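**Student:** Structure: data14.cif, mmCIF, C-alpha atoms.
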```cif
data_entry
loop_
_atom_site.label_atom_id
_atom_site.label_comp_id
_atom_site.auth_asym_id
_atom_site.auth_seq_id
_atom_site.Cartn_x
_atom_site.Cartn_y
_atom_site.Cartn_z
CA MET A 200 -9.89 -25.13 -47.66
CA VAL A 201 -7.72 -22.86 -45.60
CA VAL A 202 -10.57 -20.35 -45.61
CA GLY A 203 -13.03 -23.00 -44.40
CA ASP A 204 -10.73 -23.98 -41.58
CA GLY A 205 -10.42 -20.37 -40.58
CA ARG A 206 -14.21 -19.99 -40.42
CA GLN A 207 -14.55 -23.09 -38.32
CA ASN A 208 -11.90 -21.88 -35.97
CA GLU A 209 -13.65 -18.56 -35.77
CA ARG A 210 -16.94 -20.19 -34.89
CA ARG A 211 -15.27 -22.38 -32.31
CA GLN A 212 -13.66 -19.25 -30.90
CA ILE A 213 -17.03 -17.50 -30.71
CA ASP A 214 -18.61 -20.50 -28.98
CA ALA A 215 -15.78 -20.63 -26.49
CA ASP A 216 -16.12 -16.88 -25.90
CA ALA A 217 -19.87 -17.18 -25.31
CA ASP A 218 -19.30 -20.09 -22.95
CA ARG A 219 -16.72 -18.14 -21.01
CA LEU A 220 -19.00 -15.11 -20.81
CA LEU A 221 -21.93 -17.20 -19.54
CA LYS A 222 -19.70 -18.82 -16.96
CA GLY A 223 -18.50 -15.37 -15.99
CA VAL A 224 -22.08 -14.14 -15.59
CA ALA A 225 -22.93 -17.13 -13.40
CA ARG A 226 -19.87 -16.52 -11.26
CA GLY A 227 -20.79 -12.86 -11.06
CA ALA A 228 -24.27 -13.78 -9.85
CA ALA A 229 -22.74 -16.08 -7.25
CA GLY A 230 -20.39 -13.32 -6.14
CA ALA A 231 -23.24 -10.83 -5.94
CA LEU A 232 -25.09 -13.26 -3.67
CA ILE A 233 -22.14 -14.08 -1.44
CA PHE A 234 -21.11 -10.47 -0.96
CA GLY A 235 -24.59 -8.97 -1.16
CA LEU A 236 -26.69 -11.24 1.07
CA PRO A 237 -25.60 -9.77 4.41
CA MET A 238 -26.80 -6.38 3.17
CA LEU A 239 -29.88 -7.69 1.43
CA MET A 240 -30.96 -9.00 4.81
CA THR A 241 -30.22 -5.82 6.74
CA MET A 242 -33.36 -3.97 7.76
CA GLU A 243 -31.74 -0.56 7.94
CA LEU A 244 -30.76 -0.73 4.30
CA TRP A 245 -34.37 -1.36 3.22
CA PHE A 246 -35.40 1.75 5.12
CA LEU A 247 -32.49 3.74 3.73
CA GLY A 248 -33.69 2.75 0.28
CA PHE A 249 -36.69 4.99 0.66
CA TYR A 250 -35.65 7.67 3.09
CA MET A 251 -32.13 8.50 2.05
CA GLU A 252 -31.76 11.68 0.08
CA ARG A 253 -32.06 11.04 -3.63
CA TYR A 254 -29.10 13.15 -4.67
CA ARG A 255 -26.81 11.28 -2.31
CA LEU A 256 -28.12 7.99 -3.70
CA LEU A 257 -27.49 9.31 -7.20
CA ILE A 258 -23.90 10.29 -6.36
CA LEU A 259 -23.28 6.83 -4.91
CA LEU A 260 -24.67 5.13 -8.01
CA LEU A 261 -22.67 7.31 -10.40
CA ALA A 262 -19.48 6.99 -8.36
CA ASN A 263 -19.87 3.22 -8.34
CA LEU A 264 -19.46 2.91 -12.09
CA PRO A 265 -15.90 4.26 -12.54
CA LEU A 266 -14.97 2.29 -9.44
CA LEU A 267 -16.25 -0.89 -11.04
CA VAL A 268 -14.45 -0.09 -14.29
CA VAL A 269 -11.09 0.24 -12.52
CA LEU A 270 -11.83 -2.90 -10.52
CA ALA A 271 -12.81 -4.78 -13.67
CA HIS A 272 -9.65 -3.64 -15.40
CA ARG A 273 -7.63 -4.89 -12.48
CA ILE A 274 -9.16 -8.31 -11.94
CA GLY A 275 -10.85 -8.96 -15.26
CA PHE A 276 -14.34 -10.33 -15.66
CA GLU A 277 -13.07 -12.47 -18.48
CA GLU A 278 -9.47 -11.51 -19.09
CA THR A 279 -10.01 -7.82 -19.45
CA PHE A 280 -7.27 -5.87 -21.10
CA THR A 281 -8.66 -2.76 -22.68
CA TRP A 282 -10.64 -0.08 -20.92
CA SER A 283 -13.64 -0.55 -23.18
CA GLN A 284 -13.73 -4.22 -22.20
CA ALA A 285 -13.41 -3.17 -18.58
CA LEU A 286 -16.35 -0.80 -19.04
CA ARG A 287 -18.40 -3.62 -20.57
CA ASP A 288 -17.55 -5.96 -17.70
CA ALA A 289 -18.35 -3.28 -15.14
CA VAL A 290 -21.74 -2.66 -16.73
CA ILE A 291 -22.45 -6.40 -16.85
CA ALA A 292 -21.52 -6.73 -13.17
CA TYR A 293 -23.73 -3.78 -12.30
CA GLY A 294 -26.56 -5.34 -14.28
CA ILE A 295 -26.14 -8.71 -12.56
CA ALA A 296 -26.11 -6.95 -9.20
CA ILE A 297 -29.33 -5.06 -9.93
CA ALA A 298 -31.03 -8.23 -11.16
CA MET A 299 -29.87 -10.26 -8.15
CA SER A 300 -30.88 -7.53 -5.68
CA ALA A 301 -34.32 -7.26 -7.29
CA ALA A 302 -34.73 -11.05 -7.26
CA VAL A 303 -33.67 -11.51 -3.64
CA LEU A 304 -35.69 -8.54 -2.34
CA THR A 305 -38.75 -9.89 -4.16
CA LEU A 306 -38.09 -13.37 -2.81
CA LEU A 307 -37.87 -12.06 0.75
CA GLY A 308 -41.10 -10.13 0.32
CA ILE A 309 -39.43 -6.78 0.86
CA ALA A 310 -40.14 -5.44 -2.61
CA LYS A 311 -43.78 -6.07 -3.45
CA LEU A 312 -46.17 -5.00 -6.15
CA GLY A 313 -48.21 -2.02 -5.10
CA MET A 314 -45.33 -0.35 -3.26
CA PRO A 315 -44.40 3.10 -4.52
CA PRO A 316 -41.87 2.79 -7.36
CA THR A 317 -39.37 5.13 -5.66
CA ASP A 318 -39.43 2.81 -2.65
CA ILE A 319 -38.78 -0.34 -4.68
CA VAL A 320 -36.19 1.24 -6.97
CA GLY A 321 -34.42 2.89 -4.04
CA LYS A 322 -34.16 -0.41 -2.16
CA ILE A 323 -32.87 -2.33 -5.16
CA VAL A 324 -30.46 0.32 -6.28
CA ILE A 325 -28.71 0.83 -2.94
CA GLN A 326 -28.21 -2.93 -2.63
CA ALA A 327 -26.80 -3.09 -6.13
CA VAL A 328 -23.69 -1.12 -5.13
CA PRO A 329 -22.13 -3.68 -2.77
CA ALA A 330 -23.57 -6.53 -4.85
CA SER A 331 -21.87 -5.23 -7.99
CA ILE A 332 -18.50 -5.21 -6.24
CA GLY A 333 -19.32 -8.77 -5.18
CA ALA A 334 -20.19 -9.69 -8.75
CA LEU A 335 -16.79 -8.55 -9.95
CA LEU A 336 -14.97 -10.18 -7.05
CA GLY A 337 -16.92 -13.38 -7.64
CA ARG A 338 -15.30 -13.67 -11.00
CA SER A 339 -11.83 -13.20 -9.62
CA GLN A 340 -12.14 -15.23 -6.42
CA LEU A 341 -14.36 -18.09 -7.57
CA GLY A 342 -12.71 -18.34 -10.95
CA GLY A 343 -9.30 -19.64 -10.08
CA GLU A 344 -7.89 -19.90 -13.60
CA ASP A 345 -6.79 -17.05 -15.86
CA GLN A 346 -5.04 -15.41 -12.94
CA SER A 347 -1.69 -15.20 -14.64
CA SER A 348 -3.06 -12.77 -17.19
CA SER A 349 -3.82 -10.11 -14.61
CA ALA A 350 -0.44 -10.60 -13.00
CA GLY A 351 1.23 -10.13 -16.35
CA ASP A 352 -0.86 -7.04 -16.89
CA ASP A 353 0.56 -5.52 -13.76
CA GLN A 354 4.14 -6.02 -14.75
CA ASN A 355 3.58 -4.00 -17.89
CA GLU A 356 2.99 -0.94 -15.83
CA ASN A 357 6.21 0.89 -15.32
CA ASP A 358 4.78 4.19 -14.17
CA PHE A 359 5.38 4.34 -10.44
CA SER A 360 2.77 6.87 -9.48
CA THR A 361 0.09 5.14 -11.53
CA SER A 362 0.49 1.81 -9.79
CA TYR A 363 0.75 3.60 -6.44
CA GLY A 364 -2.48 5.44 -7.18
CA ARG A 365 -3.98 2.12 -8.21
CA GLU A 366 -2.91 0.60 -4.91
CA LEU A 367 -4.64 3.39 -2.97
CA PHE A 368 -7.67 3.01 -5.23
CA MET A 369 -7.92 -0.69 -4.46
CA MET A 370 -7.74 0.12 -0.75
CA ALA A 371 -10.55 2.62 -1.24
CA ILE A 372 -12.71 -0.05 -2.87
CA GLY A 373 -12.04 -2.52 -0.06
CA ALA A 374 -12.78 0.12 2.55
CA LEU A 375 -15.95 1.22 0.75
CA PHE A 376 -17.20 -2.33 0.50
CA LEU A 377 -16.73 -3.21 4.15
CA SER A 378 -17.92 0.21 5.32
CA LEU A 379 -21.11 -0.15 3.28
CA ASN A 380 -21.59 -3.55 4.87
CA VAL A 381 -21.45 -2.20 8.38
CA ALA A 382 -22.45 1.45 8.20
CA PRO A 383 -26.22 1.12 7.71
CA THR A 384 -26.73 -0.53 11.08
CA GLU A 385 -27.52 1.58 14.10
CA GLU A 386 -24.68 -0.07 15.99
CA ILE A 387 -22.04 2.19 14.39
CA ILE A 388 -23.75 5.27 15.79
CA LEU A 389 -24.40 3.58 19.13
CA ILE A 390 -20.77 2.45 19.46
CA SER A 391 -19.50 5.95 18.74
CA TYR A 392 -21.75 7.25 21.53
CA LYS A 393 -20.55 4.59 23.95
CA MET A 394 -16.86 5.15 23.23
CA THR A 395 -14.79 7.66 25.13
CA PRO A 396 -12.02 9.59 23.31
CA TRP A 397 -9.56 7.15 24.87
CA HIS A 398 -11.30 4.25 23.21
CA ALA A 399 -11.12 6.16 19.93
CA THR A 400 -7.35 6.72 20.10
CA ALA A 401 -6.88 3.03 20.86
CA THR A 402 -9.07 2.15 17.87
CA VAL A 403 -6.95 4.34 15.59
CA ALA A 404 -3.76 2.64 16.75
CA LEU A 405 -5.28 -0.83 16.45
CA SER A 406 -6.69 -0.12 12.98
CA ILE A 407 -3.28 0.93 11.68
CA LEU A 408 -1.59 -2.04 13.36
CA VAL A 409 -4.09 -4.53 11.96
CA MET A 410 -3.79 -3.01 8.50
CA HIS A 411 -0.03 -3.20 8.50
CA ALA A 412 0.08 -6.71 9.96
CA PHE A 413 -2.50 -7.97 7.45
CA VAL A 414 -0.43 -6.94 4.50
CA TYR A 415 3.16 -7.33 5.66
CA ALA A 416 3.49 -9.52 8.72
CA VAL A 417 0.90 -12.27 8.43
CA ALA A 418 1.95 -14.35 5.45
CA PHE A 419 -1.34 -14.59 3.64
CA ARG A 420 -1.41 -15.54 0.01
CA GLY A 421 -0.93 -12.31 -1.88
CA ALA A 422 0.90 -10.71 1.02
CA HIS A 423 3.32 -7.94 0.19
CA GLN A 424 7.01 -8.24 0.73
CA LEU A 425 9.65 -5.68 1.30
CA THR A 426 12.96 -6.01 -0.40
CA VAL A 427 15.76 -6.99 1.93
CA GLY A 428 17.28 -4.00 3.65
CA THR A 429 14.19 -1.81 3.44
CA PRO A 430 13.15 -0.74 6.92
CA ARG A 431 9.62 -1.67 7.95
CA TRP A 432 8.59 1.89 8.61
CA HIS A 433 9.08 2.71 4.92
CA ALA A 434 6.02 0.66 4.01
CA LEU A 435 4.18 2.00 7.04
CA ILE A 436 4.58 5.58 5.85
CA ARG A 437 4.14 4.93 2.15
CA PHE A 438 1.27 2.45 2.19
CA THR A 439 -0.35 1.77 5.54
CA LEU A 440 -0.84 5.34 6.76
CA PRO A 441 -2.20 6.65 3.43
CA GLY A 442 -4.36 3.52 3.33
CA TYR A 443 -5.77 4.34 6.74
CA VAL A 444 -6.51 7.91 5.68
CA VAL A 445 -8.25 6.50 2.59
CA ALA A 446 -10.28 4.16 4.83
CA LEU A 447 -11.27 7.09 7.04
CA LEU A 448 -12.29 9.17 4.03
CA MET A 449 -14.39 6.30 2.69
CA SER A 450 -16.01 5.96 6.13
CA LEU A 451 -16.85 9.65 6.10
CA TYR A 452 -18.24 9.38 2.59
CA VAL A 453 -20.41 6.37 3.47
CA LEU A 454 -21.64 8.00 6.67
CA TRP A 455 -22.49 11.16 4.77
CA THR A 456 -24.26 9.18 2.05
CA LEU A 457 -26.40 7.41 4.60
CA GLY A 458 -27.19 10.69 6.34
CA ARG A 459 -25.43 9.77 9.57
CA LEU A 460 -23.47 13.02 9.80
CA ASP A 461 -26.39 15.43 9.63
CA ASP A 462 -26.71 17.83 12.59
CA THR A 463 -23.68 16.33 14.28
CA THR A 464 -20.70 18.04 15.85
CA PRO A 465 -17.21 17.58 14.37
CA ALA A 466 -16.16 15.53 17.41
CA GLN A 467 -19.02 13.07 16.90
CA ILE A 468 -18.37 12.92 13.15
CA LEU A 469 -14.76 12.01 13.83
CA MET A 470 -15.76 9.38 16.38
CA SER A 471 -18.16 7.68 13.95
CA ALA A 472 -15.53 7.83 11.21
CA ILE A 473 -12.99 6.15 13.48
CA VAL A 474 -15.48 3.45 14.46
CA LEU A 475 -16.36 2.76 10.84
CA GLY A 476 -12.73 3.20 9.87
CA PHE A 477 -11.86 0.04 11.74
CA PRO A 478 -13.78 -2.32 9.43
CA GLY A 479 -12.80 0.04 6.60
CA ALA A 480 -9.10 -0.47 7.40
CA VAL A 481 -9.55 -4.23 7.47
CA GLY A 482 -11.36 -4.02 4.13
CA ALA A 483 -8.60 -1.88 2.65
CA ALA A 484 -5.92 -4.29 3.81
CA ALA A 485 -7.90 -7.27 2.52
CA ALA A 486 -8.27 -5.55 -0.84
CA ARG A 487 -4.49 -5.28 -1.14
CA LEU A 488 -4.21 -9.01 -0.56
CA ILE A 489 -7.10 -10.13 -2.74
CA LEU A 490 -6.94 -7.75 -5.68
CA MET B 300 7.58 -24.41 -8.56
CA THR B 301 6.01 -22.15 -5.96
CA VAL B 302 2.54 -21.38 -7.19
CA THR B 303 1.96 -18.61 -4.74
CA SER B 304 5.02 -16.66 -5.66
CA LYS B 305 3.38 -14.93 -8.59
CA SER B 306 0.81 -13.34 -6.35
CA ARG B 307 3.28 -12.03 -3.84
CA SER B 308 3.98 -8.42 -4.48
CA THR B 309 7.21 -6.75 -3.62
CA GLU B 310 7.22 -3.05 -3.00
CA SER B 311 9.60 -1.15 -5.20
CA THR B 312 12.97 -0.23 -3.71
CA GLN B 313 13.08 3.15 -5.38
CA PRO B 314 9.69 4.66 -4.61
CA HIS B 315 8.45 7.75 -6.36
CA TRP B 316 8.76 10.93 -4.32
CA LEU B 317 4.99 11.26 -4.53
CA GLU B 318 4.62 8.15 -2.39
CA TRP B 319 6.66 9.77 0.37
CA LEU B 320 4.67 12.97 0.07
CA VAL B 321 1.34 11.16 0.36
CA GLY B 322 2.74 9.14 3.24
CA ALA B 323 3.96 12.22 5.06
CA VAL B 324 0.65 14.07 4.59
CA SER B 325 -1.21 11.01 5.85
CA ALA B 326 1.03 10.73 8.89
CA VAL B 327 0.42 14.38 9.70
CA LEU B 328 -3.34 13.96 9.30
CA ILE B 329 -3.48 10.90 11.52
CA ILE B 330 -1.27 12.46 14.19
CA ALA B 331 -3.37 15.63 14.13
CA MET B 332 -6.58 13.63 14.43
CA THR B 333 -5.30 11.48 17.25
CA GLY B 334 -3.90 14.53 18.96
CA TRP B 335 -7.20 16.30 18.78
CA ILE B 336 -9.07 13.35 20.23
CA ALA B 337 -6.48 12.91 22.95
CA GLY B 338 -6.87 16.60 23.75
CA GLU B 339 -10.60 16.09 23.89
CA ALA B 340 -10.06 13.17 26.24
CA ILE B 341 -7.86 15.17 28.58
CA LEU B 342 -9.53 18.57 28.49
CA HIS B 343 -13.22 17.90 28.18
CA GLN B 344 -14.99 16.68 31.22
CA GLU B 345 -18.02 14.58 30.71
CA THR B 346 -21.16 16.51 31.53
CA ALA B 347 -24.64 15.10 31.77
CA PRO B 348 -27.10 15.83 28.96
CA GLU B 349 -28.85 19.17 29.25
CA PHE B 350 -31.69 19.98 26.94
CA ARG B 351 -32.90 23.17 25.40
CA VAL B 352 -35.74 23.33 22.90
CA GLU B 353 -36.38 25.89 20.18
CA ASN B 354 -39.68 26.05 18.36
CA LEU B 355 -39.07 26.42 14.67
CA ALA B 356 -42.40 26.71 12.92
CA THR B 357 -46.08 25.91 13.13
CA GLN B 358 -47.86 24.59 10.09
CA VAL B 359 -51.45 23.70 9.35
CA VAL B 360 -51.81 20.01 8.47
CA LYS B 361 -54.79 17.85 7.68
CA ASP B 362 -56.22 17.24 11.16
CA GLY B 363 -54.63 20.05 13.07
CA PHE B 364 -51.31 21.75 13.49
CA ARG B 365 -47.72 20.66 13.37
CA VAL B 366 -45.17 22.33 15.59
CA GLU B 367 -41.62 21.70 14.45
CA PHE B 368 -38.87 22.07 16.98
CA GLU B 369 -35.19 21.49 17.52
CA ILE B 370 -33.82 20.01 20.71
CA PHE B 371 -30.25 20.87 21.70
CA ASN B 372 -28.12 18.80 24.02
CA ASP B 373 -25.68 21.19 25.67
CA GLY B 374 -24.00 18.45 27.68
CA THR B 375 -21.12 16.42 26.30
CA SER B 376 -22.78 13.03 26.89
CA THR B 377 -25.19 11.58 24.40
CA ALA B 378 -28.72 10.88 25.52
CA ALA B 379 -30.80 8.02 24.18
CA ALA B 380 -34.59 7.53 24.15
CA VAL B 381 -35.21 11.21 24.88
CA LYS B 382 -38.89 11.70 25.60
CA VAL B 383 -40.21 15.13 24.71
CA ARG B 384 -43.59 16.57 25.65
CA GLY B 385 -45.24 19.65 24.26
CA GLU B 386 -47.98 21.45 26.16
CA LEU B 387 -50.41 23.92 24.72
CA ILE B 388 -51.22 26.46 27.40
CA ARG B 389 -54.17 28.83 27.25
CA GLY B 390 -55.01 31.15 30.09
CA GLY B 391 -52.69 29.34 32.46
CA GLN B 392 -54.34 25.98 31.71
CA VAL B 393 -52.81 23.07 29.82
CA THR B 394 -55.39 22.35 27.15
CA GLU B 395 -53.53 19.77 25.09
CA THR B 396 -50.33 17.72 25.17
CA ALA B 397 -48.35 15.89 22.50
CA GLU B 398 -45.34 13.62 22.89
CA THR B 399 -42.54 12.16 20.85
CA THR B 400 -39.33 10.22 21.53
CA PHE B 401 -35.89 10.73 20.00
CA ASP B 402 -33.68 7.69 19.57
CA TYR B 403 -30.60 9.81 20.20
CA VAL B 404 -29.67 13.38 20.93
CA PRO B 405 -25.85 13.39 20.69
CA GLY B 406 -23.75 15.50 23.03
CA ARG B 407 -23.24 19.10 21.85
CA SER B 408 -25.60 18.43 18.96
CA SER B 409 -29.22 18.80 18.13
CA SER B 410 -32.05 16.78 16.66
CA ARG B 411 -35.27 17.89 15.03
CA GLY B 412 -38.77 16.65 15.39
CA GLY B 413 -42.42 17.64 15.23
CA LEU B 414 -45.49 17.48 17.47
CA PHE B 415 -49.11 17.44 16.39
CA PHE B 416 -51.85 19.43 18.08
CA SER B 417 -55.50 19.39 17.17
CA GLN B 418 -56.11 22.90 18.48
CA SER B 419 -54.53 25.95 16.97
CA PRO B 420 -51.48 27.08 18.90
CA ALA B 421 -52.27 30.64 17.87
CA GLY B 422 -53.23 32.77 20.85
CA GLY B 423 -51.83 30.16 23.21
CA ASP B 424 -48.40 29.27 24.42
CA ILE B 425 -46.51 26.14 23.45
CA ARG B 426 -44.03 24.77 25.92
CA ILE B 427 -41.83 21.88 24.82
CA ARG B 428 -39.47 20.15 27.21
CA ALA B 429 -37.58 16.91 27.62
CA LEU B 430 -39.07 14.52 30.16
CA GLY B 431 -36.25 12.05 30.47
CA TYR B 432 -33.54 10.03 28.75
CA THR B 433 -31.44 6.92 29.08
CA GLU B 434 -27.69 6.51 28.66
CA PRO B 435 -26.90 4.85 25.37
#
```
What do you get writing this file as structure tokens?
**Tutor:**
Amino acid sequence: MVVGDGRQNERRQIDADADRLLKGVARGAAGALIFGLPMLMTMELWFLGFYMERYRLLILLLANLPLLVVLAHRIGFEETFTWSQALRDAVIAYGIAIAMSAAVLTLLGIAKLGMPPTDIVGKIVIQAVPASIGALLGRSQLGGEDQSSSAGDDQNENDFSTSYGRELFMMAIGALFLSLNVAPTEEIILISYKMTPWHATATVALSILVMHAFVYAVAFRGAHQLTVGTPRWHALIRFTLPGYVVALLMSLYVLWTLGRLDDTTPAQILMSAIVLGFPGAVGAAAARLIL
Amino acid sequence: MTVTSKSRSTESTQPHWLEWLVGAVSAVLIIAMTGWIAGEAILHQETAPEFRVENLATQVVKDGFRVEFEIFNDGTSTAAAVKVRGELIRGGQVTETAETTFDYVPGRSSSRGGLFFSQSPAGGDIRIRALGYTEP
């Protein structure tokens, strides 16, 4: 009788697990839509899908996976604890993103039968990167419950440099996401041509200020606090400035991936990076609040 | 009873030395970058776009010949909608022209393009020049 009870419990557990997973998949799909739609409806990204260099596309796709795994481990697709579960969740999110991108692009008549396969695959695959981040975020932001588990997970970490690295990593993801959102449009290039160096220095200052204020001054939910007696500039040096450098590096990476840095002088490269670094910095700061 | 308190993070009071190192390196990088741009702002005067074209190669294509070229902007300002015309000159006479437009030729940078001619450029002279531009 005890054995029978155990089996029943087991089955109930499996049913509950399946239910949770399905719900998670649906939330992931919703997240992929919410975060992916702006890009799915951006003309430049459709074009990039077929003209961007394949090896750069490949690097982006491969780099996306470990990024998703770390993200999944942090926020949990369905209460992720181990790295293998994180890997599974990351792959599921990636899969959802690819399916959603393919569905939406087909719906919008952008991917059609009879187009060259490289064209269709390229378009879907480049959209899948931001959509997959959205799919993972969808679980964490639309979910609501199960949040305490990830918070508890954090407290287990006692290695300073690991959690610091994690913090920078989260900023990188936020910066990458927002940069990818904005970078494909021609406006980024146009703005960097319109700006004078004076505008650029002002943008740098503003980006850092906004980043710092987002996380420390404006009391958003998830905002970071300093312990009493710690001067403000401590956090500026330790978190905001490295975060801004991370945002700039992500901007450079995204610009390079999209082929915006080819045949360009260092001065112009820096200008575009600073322009894109502004949304990148906002994304990085937002990531610290959300994740 | 505060629900939000669990999601507020407090930075550690005793940070790892690595955090200070990363912070210091970042500060140096940002100051250097800003300094460089400020220097650029003070030292470099804005000069109007000036174009120079180099012919790279001529290739035989299906219905004629493709002349690839690179256009350099030696000025510091970026030019937009740069119209470029190529003329095929034989015996002092322009026998054929081809045109293309560049969206942008950034300051102190170059862009590449190609022009198509139906006649063989061999034995003739190809002259490519910018016709005009707009400010972005």
**Student:** Report as a ChimeraX atom specification the residues that result from applying the PyMOL selection byres ((chain A and resi 264) around 10) to the structure here.
**Tutor:** /A:259-263,265-270,286,289-290,292-293,328,331
**Student:** For the selection just defined, write its residues with C-alpha atoms to a file, as a compact mmCIF listing (two decimals), in the coordinates of the input.
**Tutor:**
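Contents of the output file result.txt:
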```txt
# COMPACT_ATOMS: atom_id res chain seq x y z
CA LEU A 259 -23.28 6.83 -4.91
CA LEU A 260 -24.67 5.13 -8.01
CA LEU A 261 -22.67 7.31 -10.40
CA ALA A 262 -19.48 6.99 -8.36
CA ASN A 263 -19.87 3.22 -8.34
CA PRO A 265 -15.90 4.26 -12.54
CA LEU A 266 -14.97 2.29 -9.44
CA LEU A 267 -16.25 -0.89 -11.04
CA VAL A 268 -14.45 -0.09 -14.29
CA VAL A 269 -11.09 0.24 -12.52
CA LEU A 270 -11.83 -2.90 -10.52
CA LEU A 286 -16.35 -0.80 -19.04
CA ALA A 289 -18.35 -3.28 -15.14
CA VAL A 290 -21.74 -2.66 -16.73
CA ALA A 292 -21.52 -6.73 -13.17
CA TYR A 293 -23.73 -3.78 -12.30
CA VAL A 328 -23.69 -1.12 -5.13
CA SER A 331 -21.87 -5.23 -7.99
```
**Student:** Quick one: apply the PyMOL selection byres ((chain A and resi 378-390) around 8) to the file and drop the selected residues here as an MDAnalysis selection string.
**Tutor:** (chainID A and resid 237:238 241 243:244 247 329 374:377 391:394 449:450 453:454 457 459 471 474:476 478:479 482) or (chainID B and resid 435)
**Student:** May I have the residues at most 9 Å from (-42.3, 14.3, 20.2) in the file's coordinates, counting all atoms listed in the file, as a ChimeraX atom specification?
**Tutor:** /B:382-385,397-401,412-415,427
**Student:** Could you write out as a CSV table (one decimal) with C-alpha atoms, in the coordinates of the input the residues that the PyMOL selection byres ((chain B and resi 340) around 10) matches in the shown file?
**Tutor:**
```csv
chain,number,residue,atom,x,y,z
A,395,THR,CA,-14.8,7.7,25.1
A,396,PRO,CA,-12.0,9.6,23.3
A,397,TRP,CA,-9.6,7.2,24.9
A,398,HIS,CA,-11.3,4.2,23.2
A,399,ALA,CA,-11.1,6.2,19.9
A,400,THR,CA,-7.4,6.7,20.1
B,334,GLY,CA,-3.9,14.5,19.0
B,335,TRP,CA,-7.2,16.3,18.8
B,336,ILE,CA,-9.1,13.4,20.2
B,337,ALA,CA,-6.5,12.9,23.0
B,338,GLY,CA,-6.9,16.6,23.8
B,339,GLU,CA,-10.6,16.1,23.9
B,341,ILE,CA,-7.9,15.2,28.6
B,342,LEU,CA,-9.5,18.6,28.5
B,343,HIS,CA,-13.2,17.9,28.2
B,344,GLN,CA,-15.0,16.7,31.2
B,345,GLU,CA,-18.0,14.6,30.7
```
**Student:** Between B:Phe364, B:Phe350, B:Phe371, B:Phe416, which has the minimum distance to chain A (counting all atoms listed in the file)?
**Tutor:**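 The answer is B:Phe371, which sits nearest to chain A.
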**Student:** Rounded to one decimal place, report the CA of Ala231 in chain A-CA of Ala486 in chain A distance in Å.
**Tutor:** 16.7 Å
**Student:** One decimal, Å: what's the distance from CA of Leu430 in chain B over to CA of Met251 in chain A, could you say?
**Tutor:**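 We find that CA of Leu430 in chain B and CA of Met251 in chain A lie 29.6 Å from each other.
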**Student:** Would you mind reading off the distance between CA of Gly390 in chain B and CA of Lys361 in chain B, one decimal, in Å?
**Tutor:**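 Interatomic distance, CA of Gly390 in chain B to CA of Lys361 in chain B: 26.1 Å.
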**Student:** Asp461 in chain A: which residues within 10 Å, counting only C-alpha atoms, same-chain residues fewer than 5 positions away excluded, as a list in words?
**Tutor:**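 After dropping sequence-adjacent residues, the list is Leu454, Trp455 and Ile468 of chain A; Ser408, Ser409 and Ser410 of chain B.
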**Student:** Which neighbours of range 320-326 of chain B fall inside 7 Å, counting all atoms listed in the file, when residues of the same chain fewer than 3 positions from it are skipped, and could you give them as a list in words?
**Tutor:**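 Everything that qualifies: Ile436, Arg437, Phe438, Leu440, Pro441 and Val444 of chain A; Trp316, Leu317, Ile329 and Ile330 of chain B.
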**Student:** Would you put the residues from that selection into a file with C-alpha atoms, as an mmCIF file, in the coordinates of the input?
**Tutor:**
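As written to disk, again20.cif reads:
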```
data_model
loop_
_atom_site.group_PDB
_atom_site.id
_atom_site.type_symbol
_atom_site.label_atom_id
_atom_site.label_comp_id
_atom_site.auth_asym_id
_atom_site.auth_seq_id
_atom_site.Cartn_x
_atom_site.Cartn_y
_atom_site.Cartn_z
ATOM 1 C CA ILE A 436 4.580 5.580 5.850
ATOM 2 C CA ARG A 437 4.140 4.930 2.150
ATOM 3 C CA PHE A 438 1.270 2.450 2.190
ATOM 4 C CA LEU A 440 -0.840 5.340 6.760
ATOM 5 C CA PRO A 441 -2.200 6.650 3.430
ATOM 6 C CA VAL A 444 -6.510 7.910 5.680
ATOM 7 C CA TRP B 316 8.760 10.930 -4.320
ATOM 8 C CA LEU B 317 4.990 11.260 -4.530
ATOM 9 C CA ILE B 329 -3.480 10.900 11.520
ATOM 10 C CA ILE B 330 -1.270 12.460 14.190
#
```
**Student:** Between B:Pro348, B:Pro405, B:Gly363, B:Gly391, which is the closest to chain A once you count all atoms listed in the file?
**Tutor:**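 Using all atoms listed in the file, chain A sits closest to B:Pro405.
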